[in-house]
Each structure stands twice: as structure tokens, then as C-alpha cells.
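**Student:** Pasting a structure here, questions to come.
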Amino acid sequence: MSLLGQLAEAVDGGVAVASATVVDTSRSVPRRAGAKMLVRRDGTISGTVGGGEMEARVVAEAVASLADGRCRLLSYRLVDPGRGDPGVCGGDVQIFVEPHMPQPTVIVMGYGHVGRAVAQLAKWLGYRVVASDDRELAESSPGSPADEGMDSEVPGGDAADGGPDELIIGTVDELLAGRTFDADTSVVLVTRNVEVDAAALPALLGTDAGYVGVMGSERRWATTRARLEAEGVAPAALDRVCAPIGIEVGAETPEEIALSIMAEVVAHRRT
């Protein structure tokens with residue numbers, strides 16, 4: 001498969017990969033303009049921009065670009081290793097490194113009034129949205145998918161109208177089954193009570209999700225935390241939780257609460 005084909009496959013599969021392209025050269029260099037290489041988070045590569053010490057430096061920069069999401073224009077002089085040059089070919093080369101990040105995901109646990117508003121706003125902001133709720137709530141709660149005429153059994157729900165790409169009716173274990181959480185995954189718990197949060201958090205905190213936030217008052221979170229610590233959940237794991245969730249904006253309506261939540265999610269990803 002061509003490098004462009006591998007790049008497309010990675011992006012479609014939700015795998016982060018950086019491309020490194022030789023964009024300018026002068027005099028003697030190992031590869032000319034247009035040469036490409038793909039670099040993954042673990043430093044494995046496809047293709048080459050010339051090998052040796054120069055390529056090792058490019059790989060390191062590419063891995064760094066996948067960590068911070070920023071492009072890089074690298075310039076190397078391949079003349080005198082004694083002065084720190086990564087080669088002795090005699091020329092100069094410029095290489096453009098671009099990270100290709102998977103679409104970030106927001107997991108919304110609790111799909112009532114606030115959950116639906118969060119899903120719609122996250123979708124508008126460009127996130128892939130997975131919503132989850134237990135069957136009892138989905139079938140009987142005001143504002144739930146079933147009450148609003150939504151087929152809660154169909155994956156994808158009302159994505160065309162700004163709703164989730166996927167709707168899971170069931171337990172947290174069913175949500176986690178076969179799913180990979182990484183630094184680009186944000187988990188938003190907007191559930192109905194402490195019991196639901198306490199049941200879900202141990203499993204969620206065992207993932208590599210970049211953000212986990214829980215809705216509710218400070219008292220509610222203190223109650224949840226105390227319960228989980230008593231059940232043996234490590235304090236360091238619970239320190240990962242952002243609670244109460246959201247940036248303080250004086251929110252009252254579900255839409256305003258969703259705004260405060262997604263503002264915090266975006267800020268967490270960008271800092």
C-alpha cells in the first residue's frame with residue numbers, strides 16, 4: 001500500500017500519524033523534495049526521508065508533533081557533525097512535519113436533557129459523539145430518547161440532526177466493550193445520581209481517557225468520592241476527575257450547562 005493509502009487508512013481508523021515531507025533541498029542530500037515518511041506515536045515509520053541521524057531527529061520531532069498537535073518546519077545542514085549537523089552529505093534540507101490526528105471523541109454518559117444538549121454541542125464542535133444510558137432511564141425519563149420519538153436501539157441515533165454518532169443503551173461494561181479510550185477521548189458524566197456515577201467511574205478511570213468530568217454539586221462529588229475510596233479506588237485515580245464539571249458561567253438551562261461543559265473539555269485538550 002502506498003504511503004498516502006496508509007495515511008488515509010490510519011486517519012479513517014482513528015490512529016494518529018504524522019507525515020514528514022522533504023520540501024526543499026540544496027546541494028548533496030540523501031532524498032529530494034517530495035520524499036515522504038509516516039511516523040506513529042510509538043516511533044515506528046513507513047517510508048524514509050534519508051535515514052541516519054537526520055531521520056532519527058525527524059522521527060523525534062514527529063512524535064512530539066503528535067503529542068502537541070502542531071506542525072513543524074525542520075531545517076538541517078548536513079555538513080559537519082562536529083558542529084552538531086546530522087550528516088556529512090554536504091547539503092541542506094527542509095522537512096515539513098504535519099500531525100494527522102483522529103477526530104476527538106466525547107463520551108456522554110447520561111442522555112437526558114443535559115446529555116442531549118452536550119451531544120449536540122459537541123457534534124457541532126467537530127467531535128465524534130458516543131452517548132450512553134441505561135435502558136430504564138432511556139425508556140421512562142422525560143427528555144429521554146424514547147420520549148422524544150428516537151429509536152434508542154439504532155446505533156447512530158439522530159446524528160444527522162446533531163445528536164450522537166452512536167447511542168449505547170446499557171451498562172458501562174457494554175460501553176467499554178471493544179472500545180479504545182485515549183488522550184483524545186473526553187468522558188462527560190451527566191447522570192441522574194451518585195449511584196450511577198459510582199458504578200461507572202472505576203471502569204472509566206481504568207482507561208486512558210484524557211478527560212473525565214462529573215456533573216453535580218461539590219457535595220455530590222464529595223459523597224461519590226468518599227464512597228469510591230471506601231470501595232478501594234485509589235485517591236490518585238480519583239484526582240483525575242474534574243468535578244463539579246464545567247467552567248463557571250452562571251449556567252441554568254441544559255444548553256448553557258452544555259456550553260460550560262464543552263468549554264472545559266476544549267480547554268483541557270488545548271492546554
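Going through the C-alpha cells in order, the chains are called A, B, and so on, while each chain numbers its residues from 1 and the ligands are numbered from 1 in the order shown.
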Could you name the residues that touch Pro86 of chain A at 6 Å or less, counting only C-alpha atoms, but leaving out those on the same chain fewer than 2 positions away, as an MDAnalysis selection string?
**Tutor:** chainID A and resid 53:54 78 81
**Student:** DSSP on the backbone: what in segment 156-243 of chain A comes out strand (DSSP E or B), as a VMD selection string?
**Tutor:** chain A and resid 166 to 169 185 to 189 211 to 214 241 to 242
**Student:** Quick one: DSSP alpha helix (DSSP H) residues in segment 4-204 of chain A, as a PyMOL selection string?
**Tutor:** chain A and resi 4-12+52-68+113-124+135-140+172-176+194-204
**Student:** Could you tell me which of A:Phe181, A:Trp124, A:Trp221, A:Tyr211 comes closest to Gly14 of chain A if we count only C-alpha atoms?
**Tutor:**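 Ranked by minimum distance to Gly14 of chain A, first place goes to A:Phe181.
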**Student:** Just the residues within 7 Å of Pro244 of chain A, please, counting only C-alpha atoms, with nothing from its chain fewer than 2 positions along; format it as JSON, numbers by chain.
**Tutor:** {"A": [214, 215, 216, 217, 218, 221, 242, 246]}
